[in-house]
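This is run_6.cif (mmCIF, C-alpha atoms).
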```cif
data_data
loop_
_atom_site.label_atom_id
_atom_site.label_comp_id
_atom_site.auth_asym_id
_atom_site.auth_seq_id
_atom_site.Cartn_x
_atom_site.Cartn_y
_atom_site.Cartn_z
CA MET N 1 -39.56 -73.87 43.72
CA THR N 2 -36.61 -72.39 45.52
CA SER N 3 -34.77 -69.35 44.29
CA ALA N 4 -31.72 -67.45 45.44
CA PRO N 5 -32.21 -64.49 47.78
CA VAL N 6 -32.44 -61.12 46.08
CA THR N 7 -29.21 -59.22 45.67
CA ILE N 8 -28.53 -55.73 46.96
CA VAL N 9 -28.37 -54.49 43.37
CA LYS N 10 -31.84 -55.83 42.61
CA LEU N 11 -33.23 -54.33 45.80
CA HIS N 12 -31.96 -50.88 44.89
CA MET N 13 -33.38 -51.21 41.38
CA ILE N 14 -36.78 -52.00 42.84
CA ALA N 15 -36.51 -49.10 45.26
CA LEU N 16 -35.81 -46.74 42.37
CA LEU N 17 -38.84 -48.04 40.49
CA LEU N 18 -41.09 -47.51 43.49
CA MET N 19 -39.78 -44.03 44.19
CA MET N 20 -40.67 -43.09 40.61
CA LEU N 21 -44.35 -43.89 41.22
CA PRO N 22 -46.61 -40.93 40.44
CA PRO N 23 -48.76 -39.70 43.32
CA VAL N 24 -52.33 -40.98 43.27
CA LYS N 25 -54.53 -37.96 43.83
CA GLY N 26 -58.17 -38.13 44.71
CA LEU N 27 -57.99 -41.83 45.49
CA ALA N 28 -56.10 -43.76 48.13
CA GLY N 29 -53.05 -41.50 47.91
CA GLN N 30 -54.79 -38.64 49.65
CA ASP N 31 -53.91 -37.82 53.25
CA ARG N 32 -57.19 -39.11 54.60
CA TYR N 33 -59.79 -41.61 53.59
CA PRO N 34 -62.94 -40.18 52.03
CA ALA N 35 -65.74 -39.49 54.46
CA VAL N 36 -67.17 -42.91 55.25
CA PRO N 37 -70.57 -41.94 56.79
CA ALA N 38 -72.11 -41.42 53.33
CA ASP N 39 -71.49 -45.10 52.64
CA GLY N 40 -72.03 -46.25 56.20
CA ALA N 41 -75.35 -47.97 55.58
CA PHE N 42 -73.96 -49.96 52.65
CA LEU N 43 -70.81 -50.98 54.55
CA ASP N 44 -72.89 -51.88 57.61
CA ASP N 45 -75.07 -54.18 55.55
CA LEU N 46 -72.16 -55.71 53.62
CA SER N 47 -70.19 -56.37 56.80
CA GLN N 48 -73.10 -57.72 58.83
CA ARG N 49 -73.98 -60.19 56.09
CA ALA N 50 -70.37 -61.40 56.01
CA PHE N 51 -70.42 -61.75 59.79
CA ARG N 52 -73.61 -63.80 59.51
CA PHE N 53 -71.72 -66.38 57.43
CA PHE N 54 -69.08 -66.85 60.12
CA TRP N 55 -71.67 -67.12 62.88
CA GLU N 56 -73.96 -69.54 61.06
CA GLN N 57 -71.34 -71.61 59.24
CA THR N 58 -69.09 -72.36 62.23
CA ASP N 59 -69.61 -75.64 64.05
CA PRO N 60 -70.38 -74.68 67.67
CA SER N 61 -68.66 -77.75 69.14
CA THR N 62 -65.34 -77.61 67.30
CA GLY N 63 -65.36 -73.90 66.44
CA LEU N 64 -64.34 -74.82 62.87
CA THR N 65 -65.69 -72.64 60.07
CA ARG N 66 -66.89 -74.16 56.81
CA ASP N 67 -64.99 -73.28 53.67
CA ARG N 68 -68.10 -72.38 51.69
CA ALA N 69 -71.88 -72.27 51.81
CA ARG N 70 -74.84 -71.87 49.48
CA VAL N 71 -75.75 -68.25 48.87
CA ASP N 72 -79.07 -68.62 50.72
CA GLY N 73 -77.61 -70.57 53.64
CA SER N 74 -79.26 -73.84 52.58
CA PRO N 75 -77.30 -77.10 53.00
CA GLN N 76 -74.19 -77.44 50.85
CA LEU N 77 -73.62 -80.46 48.58
CA PRO N 78 -72.84 -83.52 50.75
CA HIS N 79 -69.16 -83.80 49.77
CA LEU N 80 -68.59 -80.13 50.71
CA ARG N 81 -71.02 -79.76 53.61
CA ASN N 82 -68.56 -80.11 56.48
CA VAL N 83 -65.31 -79.02 54.85
CA SER N 84 -63.47 -76.48 56.97
CA ASN N 85 -60.59 -74.29 55.81
CA ILE N 86 -58.40 -73.25 58.76
CA ALA N 87 -57.76 -69.87 57.12
CA ALA N 88 -61.50 -69.24 57.29
CA CYS N 89 -61.25 -69.97 61.03
CA GLY N 90 -58.73 -67.13 61.34
CA PHE N 91 -61.14 -64.75 59.65
CA ALA N 92 -63.98 -66.08 61.83
CA LEU N 93 -62.11 -65.38 65.08
CA THR N 94 -61.48 -61.82 63.90
CA ALA N 95 -65.11 -61.48 62.82
CA LEU N 96 -66.19 -62.27 66.40
CA ALA N 97 -64.41 -59.17 67.65
CA ALA N 98 -65.98 -57.05 64.91
CA GLY N 99 -69.37 -58.53 65.72
CA VAL N 100 -69.13 -57.48 69.35
CA GLU N 101 -67.99 -53.97 68.43
CA ARG N 102 -70.84 -53.54 65.95
CA GLY N 103 -73.48 -55.06 68.23
CA TRP N 104 -74.19 -58.06 66.02
CA VAL N 105 -73.47 -60.58 68.77
CA LYS N 106 -73.43 -60.49 72.55
CA PRO N 107 -69.94 -60.37 74.11
CA GLU N 108 -70.47 -63.53 76.14
CA GLU N 109 -71.62 -65.44 73.05
CA ALA N 110 -68.59 -64.28 71.06
CA ARG N 111 -66.24 -65.27 73.90
CA GLY N 112 -67.83 -68.71 74.04
CA ARG N 113 -67.35 -69.25 70.32
CA ALA N 114 -63.75 -68.01 70.49
CA LEU N 115 -63.03 -70.39 73.37
CA ALA N 116 -64.48 -73.34 71.45
CA THR N 117 -62.21 -72.61 68.47
CA LEU N 118 -59.09 -72.04 70.56
CA ARG N 119 -59.67 -75.16 72.68
CA PHE N 120 -60.01 -77.24 69.54
CA PHE N 121 -56.74 -76.02 68.03
CA ALA N 122 -54.89 -76.13 71.34
CA GLU N 123 -56.08 -79.52 72.55
CA ARG N 124 -57.72 -81.59 69.80
CA ALA N 125 -56.49 -80.62 66.36
CA GLU N 126 -53.97 -82.85 64.59
CA HIS N 127 -50.77 -80.90 64.08
CA GLN N 128 -47.14 -81.34 63.19
CA ARG N 129 -44.82 -79.32 65.43
CA GLY N 130 -47.64 -76.82 65.90
CA TRP N 131 -48.56 -76.49 62.20
CA PHE N 132 -52.12 -77.43 61.18
CA TYR N 133 -53.74 -79.25 58.27
CA HIS N 134 -55.34 -77.04 55.64
CA TRP N 135 -58.66 -78.92 55.35
CA LEU N 136 -60.57 -80.44 58.25
CA ASP N 137 -63.98 -81.97 58.82
CA ALA N 138 -65.85 -79.19 60.63
CA ALA N 139 -67.82 -81.56 62.84
CA ALA N 140 -65.29 -84.33 63.49
CA GLY N 141 -62.20 -82.12 63.44
CA LYS N 142 -60.19 -84.64 61.41
CA ARG N 143 -57.94 -84.14 58.39
CA ILE N 144 -59.69 -84.71 55.05
CA TRP N 145 -58.63 -85.08 51.40
CA ARG N 146 -55.08 -86.08 52.40
CA SER N 147 -54.54 -82.34 52.75
CA GLU N 148 -51.22 -80.79 53.58
CA ILE N 149 -49.94 -79.19 56.74
CA SER N 150 -50.18 -75.64 55.38
CA SER N 151 -47.77 -72.89 56.40
CA ILE N 152 -49.80 -70.00 54.93
CA ASP N 153 -53.16 -71.20 56.20
CA THR N 154 -51.72 -71.72 59.68
CA ALA N 155 -50.46 -68.11 59.51
CA LEU N 156 -53.89 -66.77 58.50
CA LEU N 157 -55.42 -68.76 61.35
CA LEU N 158 -52.87 -67.15 63.68
CA GLY N 159 -53.95 -63.71 62.49
CA GLY N 160 -57.35 -64.40 64.02
CA ILE N 161 -55.97 -66.18 67.08
CA LEU N 162 -53.72 -63.26 68.01
CA THR N 163 -56.50 -60.74 67.34
CA ALA N 164 -58.75 -62.70 69.70
CA ARG N 165 -55.95 -62.81 72.30
CA GLN N 166 -55.91 -59.03 72.45
CA TYR N 167 -59.61 -58.31 72.01
CA PHE N 168 -60.64 -60.81 74.68
CA SER N 169 -57.60 -60.07 76.83
CA GLN N 170 -59.72 -59.98 80.01
CA ASP N 171 -60.38 -63.69 79.61
CA PRO N 172 -57.24 -65.49 80.91
CA GLU N 173 -58.20 -68.78 79.24
CA ILE N 174 -58.40 -67.18 75.79
CA VAL N 175 -55.02 -65.54 76.37
CA ARG N 176 -53.50 -68.83 77.58
CA LEU N 177 -54.80 -70.91 74.70
CA ALA N 178 -53.88 -68.37 72.02
CA THR N 179 -50.38 -68.04 73.42
CA LEU N 180 -49.96 -71.81 73.64
CA ILE N 181 -50.96 -72.27 69.98
CA TYR N 182 -48.56 -69.59 68.70
CA GLU N 183 -45.59 -70.50 70.90
CA ARG N 184 -45.89 -74.20 70.08
CA ILE N 185 -45.18 -73.68 66.37
CA ASP N 186 -41.70 -74.75 65.29
CA PHE N 187 -41.05 -72.16 62.58
CA PRO N 188 -37.48 -73.29 61.75
CA TRP N 189 -38.78 -76.79 60.98
CA MET N 190 -40.81 -75.37 58.07
CA LEU N 191 -37.58 -74.01 56.53
CA ASN N 192 -36.66 -77.65 55.80
CA GLY N 193 -32.96 -76.90 55.87
CA ASP N 194 -33.13 -73.67 53.89
CA ARG N 195 -31.50 -70.55 55.30
CA GLY N 196 -34.58 -68.38 54.88
CA LEU N 197 -37.30 -69.60 52.50
CA ILE N 198 -40.31 -71.17 54.20
CA SER N 199 -41.91 -74.26 52.64
CA HIS N 200 -45.52 -74.26 51.48
CA GLY N 201 -46.19 -77.28 53.64
CA TRP N 202 -45.76 -80.96 54.50
CA THR N 203 -47.66 -84.23 54.32
CA PRO N 204 -47.05 -87.41 56.30
CA GLU N 205 -47.11 -89.39 53.06
CA ASP N 206 -44.55 -87.39 51.04
CA GLY N 207 -42.80 -85.02 53.42
CA PHE N 208 -42.21 -81.39 52.52
CA LEU N 209 -43.87 -79.92 49.43
CA PRO N 210 -41.43 -78.94 46.65
CA TYR N 211 -42.47 -75.27 46.74
CA ARG N 212 -41.32 -72.37 48.89
CA TRP N 213 -42.57 -68.86 49.55
CA ASP N 214 -39.87 -67.36 47.38
CA GLN N 215 -41.50 -64.26 45.84
CA TYR N 216 -43.84 -61.52 47.00
CA SER N 217 -47.26 -62.94 47.81
CA GLU N 218 -49.73 -63.20 50.69
CA HIS N 219 -46.96 -64.68 52.84
CA THR N 220 -45.80 -61.49 54.59
CA LEU N 221 -47.86 -62.31 57.70
CA LEU N 222 -46.27 -65.77 57.77
CA TYR N 223 -42.71 -64.42 57.67
CA LEU N 224 -43.42 -61.73 60.26
CA LEU N 225 -44.92 -64.25 62.70
CA ALA N 226 -41.97 -66.56 62.09
CA ILE N 227 -39.24 -64.01 62.83
CA ALA N 228 -41.13 -62.66 65.87
CA SER N 229 -41.83 -66.01 67.54
CA PRO N 230 -40.81 -65.82 71.21
CA THR N 231 -40.03 -69.55 71.31
CA HIS N 232 -39.04 -70.87 67.86
CA PRO N 233 -38.08 -67.94 65.59
CA VAL N 234 -36.44 -68.06 62.20
CA PRO N 235 -33.54 -65.65 61.53
CA ALA N 236 -34.61 -62.09 60.77
CA GLY N 237 -32.77 -62.45 57.46
CA ALA N 238 -35.58 -64.74 56.27
CA TRP N 239 -37.57 -61.57 55.55
CA ARG N 240 -35.02 -60.70 52.84
CA ALA N 241 -34.84 -64.20 51.36
CA TRP N 242 -37.80 -63.92 48.98
CA ARG N 243 -37.76 -62.05 45.67
CA ARG N 244 -39.31 -58.66 45.14
CA ASP N 245 -39.90 -58.88 41.40
CA PRO N 246 -41.04 -55.60 39.80
CA ASN N 247 -44.27 -55.42 37.83
CA SER N 248 -46.04 -52.59 36.02
CA TYR N 249 -49.19 -51.86 34.07
CA ALA N 250 -50.42 -48.65 32.49
CA GLY N 251 -47.77 -46.59 34.23
CA GLN N 252 -48.41 -48.13 37.66
CA SER N 253 -45.26 -49.81 39.05
CA PHE N 254 -45.29 -52.23 41.98
CA ILE N 255 -43.84 -55.55 43.11
CA GLY N 256 -45.70 -58.83 42.76
CA SER N 257 -47.49 -60.51 39.87
CA ALA N 258 -49.86 -62.90 41.65
CA PRO N 259 -53.66 -62.41 41.88
CA LEU N 260 -55.05 -59.42 43.77
CA PHE N 261 -55.85 -61.32 46.98
CA THR N 262 -52.12 -61.78 47.56
CA PHE N 263 -51.84 -58.01 48.06
CA GLN N 264 -54.68 -58.03 50.61
CA TYR N 265 -54.72 -60.93 53.08
CA SER N 266 -51.72 -60.14 55.28
CA HIS N 267 -52.73 -56.46 55.29
CA ALA N 268 -56.02 -57.38 56.92
CA TRP N 269 -54.11 -57.79 60.19
CA VAL N 270 -50.70 -56.15 59.80
CA ASP N 271 -50.76 -52.34 59.71
CA PHE N 272 -48.10 -51.51 57.13
CA ARG N 273 -49.21 -47.88 56.79
CA GLY N 274 -46.47 -45.29 57.02
CA ARG N 275 -43.67 -47.88 57.06
CA GLN N 276 -40.83 -48.34 54.62
CA GLU N 277 -38.48 -51.25 54.20
CA GLN N 278 -34.87 -50.34 54.90
CA GLY N 279 -32.57 -50.88 51.95
CA THR N 280 -35.34 -51.17 49.32
CA GLY N 281 -37.55 -48.19 50.11
CA ILE N 282 -40.65 -50.33 49.63
CA ASP N 283 -43.85 -49.13 51.28
CA TYR N 284 -45.94 -52.31 51.27
CA PHE N 285 -49.21 -50.50 51.92
CA GLN N 286 -48.61 -48.18 48.97
CA ASN N 287 -47.59 -51.21 46.95
CA SER N 288 -51.05 -52.74 47.50
CA VAL N 289 -52.72 -49.45 46.64
CA THR N 290 -50.81 -49.29 43.36
CA ALA N 291 -51.44 -52.96 42.55
CA THR N 292 -55.18 -52.37 43.01
CA LEU N 293 -55.15 -49.29 40.78
CA ALA N 294 -53.26 -51.24 38.12
CA HIS N 295 -55.73 -54.12 38.41
CA ARG N 296 -58.71 -51.84 37.91
CA ILE N 297 -57.15 -50.35 34.77
CA PHE N 298 -56.28 -53.88 33.61
CA CYS N 299 -59.93 -54.96 33.95
CA ARG N 300 -61.13 -51.82 32.19
CA ASP N 301 -58.79 -52.61 29.29
CA LEU N 302 -60.18 -56.16 29.14
CA ALA N 303 -63.50 -54.62 28.11
CA ARG N 304 -62.13 -54.66 24.57
CA ASP N 305 -62.56 -58.45 24.69
CA PHE N 306 -65.21 -58.93 27.39
CA ALA N 307 -68.24 -56.70 27.81
CA SER N 308 -68.39 -57.77 31.48
CA TYR N 309 -65.83 -55.20 32.57
CA ALA N 310 -66.26 -51.46 32.87
CA GLU N 311 -65.01 -48.47 34.84
CA ASP N 312 -67.09 -49.55 37.84
CA LEU N 313 -67.27 -53.30 37.15
CA TRP N 314 -63.93 -54.90 37.83
CA GLY N 315 -62.15 -57.49 39.93
CA ILE N 316 -60.51 -60.82 39.08
CA SER N 317 -59.10 -63.15 41.72
CA PRO N 318 -59.19 -66.96 42.04
CA SER N 319 -62.80 -68.12 42.02
CA ASP N 320 -65.39 -70.51 40.73
CA SER N 321 -66.47 -70.15 37.11
CA LEU N 322 -68.85 -71.69 34.64
CA ASN N 323 -66.04 -74.15 33.87
CA GLY N 324 -64.89 -74.92 37.41
CA TYR N 325 -62.43 -73.29 39.78
CA LYS N 326 -59.88 -70.94 38.18
CA ALA N 327 -56.77 -69.44 39.78
CA TRP N 328 -56.92 -66.37 37.55
CA GLY N 329 -55.79 -62.82 38.14
CA GLY N 330 -53.63 -60.14 36.54
CA PRO N 331 -51.85 -58.19 35.33
CA PRO N 332 -50.24 -59.89 33.51
CA ARG N 333 -53.21 -61.37 31.70
CA ASP N 334 -54.24 -64.91 32.51
CA ALA N 335 -55.18 -66.81 29.37
CA SER N 336 -58.19 -68.40 31.09
CA ILE N 337 -59.98 -65.09 31.82
CA ASP N 338 -63.50 -65.30 30.38
CA GLY N 339 -65.26 -62.18 31.65
CA THR N 340 -66.01 -63.47 35.16
CA ILE N 341 -66.07 -60.83 37.93
CA VAL N 342 -65.10 -61.65 41.52
CA PRO N 343 -66.60 -59.11 43.98
CA SER N 344 -64.13 -59.90 46.76
CA ALA N 345 -61.29 -58.56 44.60
CA ALA N 346 -62.69 -55.03 44.89
CA ALA N 347 -63.99 -55.61 48.44
CA GLY N 348 -60.62 -56.81 49.73
CA SER N 349 -59.09 -53.50 48.62
CA LEU N 350 -61.57 -51.28 50.46
CA MET N 351 -58.79 -50.43 52.92
CA PHE N 352 -56.48 -49.41 50.05
CA THR N 353 -58.67 -47.76 47.42
CA PRO N 354 -61.99 -46.93 49.08
CA GLU N 355 -63.42 -44.69 46.37
CA ILE N 356 -63.03 -47.07 43.45
CA SER N 357 -63.74 -50.18 45.52
CA LEU N 358 -66.95 -48.75 46.95
CA ALA N 359 -68.04 -47.56 43.52
CA ALA N 360 -67.54 -51.04 42.09
CA LEU N 361 -69.36 -52.85 44.89
CA LYS N 362 -72.30 -50.44 44.88
CA ALA N 363 -72.56 -50.71 41.09
CA MET N 364 -72.62 -54.50 41.31
CA ARG N 365 -75.38 -54.45 43.89
CA ARG N 366 -77.37 -51.78 42.04
CA ARG N 367 -77.23 -53.53 38.67
CA PHE N 368 -77.68 -57.14 39.70
CA GLY N 369 -79.57 -56.89 42.98
CA GLU N 370 -80.65 -60.12 44.66
CA ARG N 371 -79.24 -62.23 41.84
CA LEU N 372 -75.79 -61.33 43.15
CA TYR N 373 -76.28 -60.04 46.70
CA GLY N 374 -77.89 -62.35 49.24
CA ARG N 375 -77.88 -63.67 52.77
CA TYR N 376 -74.09 -63.53 53.17
CA GLY N 377 -73.40 -60.66 50.80
CA PHE N 378 -71.92 -61.05 47.34
CA ARG N 379 -71.73 -64.40 45.63
CA ASN N 380 -68.28 -65.81 44.97
CA ALA N 381 -68.30 -64.78 41.29
CA PHE N 382 -70.51 -64.03 38.30
CA ASN N 383 -70.35 -63.41 34.56
CA PRO N 384 -72.78 -60.71 33.44
CA VAL N 385 -72.35 -61.59 29.75
CA THR N 386 -73.12 -65.31 29.97
CA GLY N 387 -75.56 -64.90 32.84
CA TRP N 388 -73.68 -67.35 35.07
CA PHE N 389 -73.80 -66.74 38.83
CA SER N 390 -71.97 -68.88 41.38
CA GLU N 391 -74.17 -70.86 43.73
CA ASP N 392 -71.73 -70.40 46.62
CA VAL N 393 -70.02 -67.95 48.89
CA ILE N 394 -66.50 -68.68 50.16
CA GLY N 395 -65.40 -67.99 53.72
CA ILE N 396 -61.99 -66.44 53.10
CA GLU N 397 -63.50 -64.06 50.54
CA LEU N 398 -66.19 -62.92 52.96
CA GLY N 399 -63.44 -62.66 55.58
CA ILE N 400 -61.26 -60.28 53.59
CA THR N 401 -64.40 -58.28 52.72
CA LEU N 402 -65.33 -57.86 56.38
CA LEU N 403 -61.82 -57.12 57.66
CA SER N 404 -60.98 -54.70 54.86
CA ALA N 405 -64.26 -52.84 55.38
CA GLU N 406 -63.62 -52.66 59.13
CA ASN N 407 -60.11 -51.33 58.66
CA LEU N 408 -61.45 -48.69 56.28
CA ARG N 409 -64.12 -47.58 58.73
CA SER N 410 -62.30 -47.79 62.04
CA GLY N 411 -58.86 -49.39 61.74
CA PHE N 412 -60.26 -51.83 64.28
CA VAL N 413 -58.53 -55.04 63.14
CA TRP N 414 -55.18 -53.28 62.76
CA LYS N 415 -55.60 -51.80 66.22
CA TRP N 416 -56.16 -55.10 68.00
CA PHE N 417 -53.69 -57.24 66.08
CA MET N 418 -50.93 -54.65 66.42
CA LYS N 419 -51.38 -54.66 70.22
CA ASN N 420 -49.58 -58.02 70.22
CA PRO N 421 -45.97 -57.37 71.27
CA GLU N 422 -44.81 -59.81 68.60
CA ALA N 423 -46.22 -57.53 65.89
CA ALA N 424 -43.98 -54.60 66.79
CA ARG N 425 -41.01 -56.94 67.22
CA ALA N 426 -41.62 -58.44 63.78
CA LEU N 427 -41.74 -55.08 62.00
CA GLU N 428 -38.56 -53.94 63.71
CA ARG N 429 -36.69 -57.17 62.88
CA ALA N 430 -37.85 -57.00 59.28
CA GLY N 431 -36.60 -53.42 58.97
CA LEU N 432 -40.07 -51.99 58.32
CA LEU N 433 -39.63 -48.62 59.99
CA PRO N 434 -41.88 -45.53 60.23
CA TYR N 435 -41.28 -42.79 57.69
CA GLU N 436 -43.00 -39.72 56.33
CA GLY N 437 -44.39 -41.37 53.23
CA PRO N 438 -47.39 -40.49 51.06
CA LEU N 439 -49.77 -42.47 53.26
CA ALA N 440 -48.25 -41.75 56.66
CA ASN N 441 -50.86 -39.11 57.44
CA ARG N 442 -53.56 -41.76 57.41
CA LYS N 443 -52.52 -42.60 60.97
CA ARG N 444 -52.96 -39.07 62.27
CA ALA N 445 -55.81 -37.33 64.01
CA GLY N 446 -58.93 -36.78 61.95
CA ASN N 447 -58.58 -40.05 60.08
CA PRO N 448 -61.39 -42.55 60.76
CA ALA N 449 -58.91 -45.42 60.47
CA ASN N 450 -56.49 -44.37 63.23
#
```
Can I see the file as structure tokens?
Amino acid sequence: MTSAPVTIVKLHMIALLLMMLPPVKGLAGQDRYPAVPADGAFLDDLSQRAFRFFWEQTDPSTGLTRDRARVDGSPQLPHLRNVSNIAACGFALTALAAGVERGWVKPEEARGRALATLRFFAERAEHQRGWFYHWLDAAAGKRIWRSEISSIDTALLLGGILTARQYFSQDPEIVRLATLIYERIDFPWMLNGDRGLISHGWTPEDGFLPYRWDQYSEHTLLYLLAIASPTHPVPAGAWRAWRRDPNSYAGQSFIGSAPLFTFQYSHAWVDFRGRQEQGTGIDYFQNSVTATLAHRIFCRDLARDFASYAEDLWGISPSDSLNGYKAWGGPPRDASIDGTIVPSAAAGSLMFTPEISLAALKAMRRRFGERLYGRYGFRNAFNPVTGWFSEDVIGIELGITLLSAENLRSGFVWKWFMKNPEAARALERAGLLPYEGPLANRKRAGNPAN
């Protein structure tokens, strides 16, 4: 639903709340990440298994990545077998670059896969003014389930497309196709007459969806790409159109009340470190750090009702469950929470809170072994009290795991995405300027994630 743009008074109130945040010592608030080599073998294995999903579960002819797979790689149920999520394709394109860097795939093979994906989206995919359908048949490349043209999923796809454009910049065809796809998108059209709030999407049957990206969520990448477009930009003021509602838990204050993944996905590509929003004082990287710390405390407190959660067993984000798919999260508490743990919640925050995220992931693997950790890494979700374990892995969850781990270890994804000239232009237009904040030193010499 639409909402009025935030007022200057509200922005200053939020800035004051954020400036009152206590420093986080010994965790992600320190000047440098903890020494990664001690956990290198674990992160190598976790990342390589996630990469394996994207390599094996992408159709080689269309370059479309399946939304989910069985944990052992065996054929999915027939009605899900060829379902592709275009956001997973964005993670897959980025995974190709990581795979080359880590020696998991030959450069020429990765380039070939990237070309297949880019050619499909540039030349064959159904689109509306450059925007793509959320769900496609991975083999046929056609829209399925009467799905919507999705603004956020197109943006996450673009994250991978623009990363590939820079990483494979010596291949003129990759550069041409990636540029064509981005510059073809009519960003103002997705405003649907609004002065700044972008619509969630559109269908040919019913037109624009009745919802807009009107409060802090995973949409920051979408807005940055929109205001930086070299061909069809939206006004820079669109960045200020959505609400920055304050939230707090156990003394941790931040903006945003949606599930934890919403604090992670855009950060996989956009390097917000050491930047502060003019007028509000918001440091969006620190905001995700604080949201993760609050979420971990929130899960620990849930142990009063669910024995699943503990100091090193935490993480709730939308997932499968014993009773079907649930869009749960918190804080605040979601009434449907039943003790299920979602490993990608902790994994997606590796780049924010490495010590507590690594501790959680290693504890999960140590305690539950092959029941939880298989061919593609962690299962989608599990409930240690009821003994339920998901039969599937989900592409976007493995994607945020891989990209967050890579940014922790090397800053690699940030490095290549931020080489796009549109990235710097977007941050400048949004008023996200460098400052000497509590995390600014992470970008200096001696930090593994420079």
Can you check which parts of segment 241-331 of chain N lie within 9 Å of segment 339-359 of chain N? Per residue, the shortest pair of atoms and distance in Å to one decimal, counting all atoms listed in the file, sorted by chain and number, as JSON lines.
```
{"residue": "N:Pro259", "atom": "CA", "partner": "N:Ala345", "partner_atom": "CA", "distance": 9.0}
{"residue": "N:Leu260", "atom": "CA", "partner": "N:Ala345", "partner_atom": "CA", "distance": 6.4}
{"residue": "N:Phe261", "atom": "CA", "partner": "N:Ala345", "partner_atom": "CA", "distance": 6.5}
{"residue": "N:Phe263", "atom": "CA", "partner": "N:Ser349", "partner_atom": "CA", "distance": 8.6}
{"residue": "N:Gln264", "atom": "CA", "partner": "N:Gly348", "partner_atom": "CA", "distance": 6.1}
{"residue": "N:Tyr265", "atom": "CA", "partner": "N:Gly348", "partner_atom": "CA", "distance": 7.9}
{"residue": "N:His267", "atom": "CA", "partner": "N:Met351", "partner_atom": "CA", "distance": 8.9}
{"residue": "N:Ala268", "atom": "CA", "partner": "N:Met351", "partner_atom": "CA", "distance": 8.5}
{"residue": "N:Phe285", "atom": "CA", "partner": "N:Phe352", "partner_atom": "CA", "distance": 7.6}
{"residue": "N:Gln286", "atom": "CA", "partner": "N:Phe352", "partner_atom": "CA", "distance": 8.0}
{"residue": "N:Ser288", "atom": "CA", "partner": "N:Phe352", "partner_atom": "CA", "distance": 6.9}
{"residue": "N:Val289", "atom": "CA", "partner": "N:Phe352", "partner_atom": "CA", "distance": 5.1}
{"residue": "N:Thr290", "atom": "CA", "partner": "N:Phe352", "partner_atom": "CA", "distance": 8.8}
{"residue": "N:Thr292", "atom": "CA", "partner": "N:Ser349", "partner_atom": "CA", "distance": 6.9}
{"residue": "N:Leu293", "atom": "CA", "partner": "N:Thr353", "partner_atom": "CA", "distance": 7.7}
{"residue": "N:Arg296", "atom": "CA", "partner": "N:Ile356", "partner_atom": "CA", "distance": 8.5}
{"residue": "N:Leu302", "atom": "CA", "partner": "N:Gly339", "partner_atom": "CA", "distance": 8.3}
{"residue": "N:Ala303", "atom": "CA", "partner": "N:Gly339", "partner_atom": "CA", "distance": 8.5}
{"residue": "N:Asp305", "atom": "CA", "partner": "N:Gly339", "partner_atom": "CA", "distance": 8.3}
{"residue": "N:Phe306", "atom": "CA", "partner": "N:Gly339", "partner_atom": "CA", "distance": 5.4}
{"residue": "N:Ala307", "atom": "CA", "partner": "N:Gly339", "partner_atom": "CA", "distance": 7.3}
{"residue": "N:Ser308", "atom": "CA", "partner": "N:Gly339", "partner_atom": "CA", "distance": 5.4}
{"residue": "N:Tyr309", "atom": "CA", "partner": "N:Gly339", "partner_atom": "CA", "distance": 7.1}
{"residue": "N:Glu311", "atom": "CA", "partner": "N:Ile356", "partner_atom": "CA", "distance": 8.9}
{"residue": "N:Asp312", "atom": "CA", "partner": "N:Ala359", "partner_atom": "CA", "distance": 6.1}
{"residue": "N:Leu313", "atom": "CA", "partner": "N:Ile341", "partner_atom": "CA", "distance": 7.7}
{"residue": "N:Trp314", "atom": "CA", "partner": "N:Ile341", "partner_atom": "CA", "distance": 6.3}
{"residue": "N:Gly315", "atom": "CA", "partner": "N:Ala345", "partner_atom": "CA", "distance": 4.9}
{"residue": "N:Ile316", "atom": "CA", "partner": "N:Val342", "partner_atom": "CA", "distance": 5.3}
{"residue": "N:Ser317", "atom": "CA", "partner": "N:Ala345", "partner_atom": "CA", "distance": 5.8}
{"residue": "N:Pro318", "atom": "CA", "partner": "N:Val342", "partner_atom": "CA", "distance": 8.0}
{"residue": "N:Ser319", "atom": "CA", "partner": "N:Val342", "partner_atom": "CA", "distance": 6.9}
{"residue": "N:Asp320", "atom": "CA", "partner": "N:Val342", "partner_atom": "CA", "distance": 8.9}
{"residue": "N:Ser321", "atom": "CA", "partner": "N:Thr340", "partner_atom": "CA", "distance": 7.0}
{"residue": "N:Leu322", "atom": "CA", "partner": "N:Thr340", "partner_atom": "CA", "distance": 8.7}
```
Hits of the PyMOL selection byres ((chain N and resi 232) around 6) in this structure, as a list of chain:residue names: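 This file gives the following for the PyMOL selection byres ((chain N and resi 232) around 6): N:Asp186, N:Phe187, N:Ser229, N:Thr231, N:Pro233.
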Using the chain letters and numbers from the file, give me the residues hit by the PyMOL selection byres ((chain N and resi 246) around 7), as a ChimeraX atom specification. /N:14,244-245,247-248,254-256
Step by step, work through what the PyMOL selection byres ((chain N and resi 210-213) around 10) selects in the shown file, and finish by giving those residues as a PyMOL selection string. chain N and resi 1-3+151-152+190-192+194+196-202+207-209+214-220+222-223+241-243
Where is the centre and how long are the edges: axis-aligned box on segment 116-128 of chain N, 4 Å on each side, Å to one decimal, as AutoDock Vina command-line options:
```
--center_x -55.8 --center_y -77.4 --center_z 67.9 --size_x 25.3 --size_y 18.8 --size_z 17.5
```
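With atom CA of Leu224 of chain N on one side and atom CA of Ala155 of chain N on the other, the separation reads 9.5 Å.
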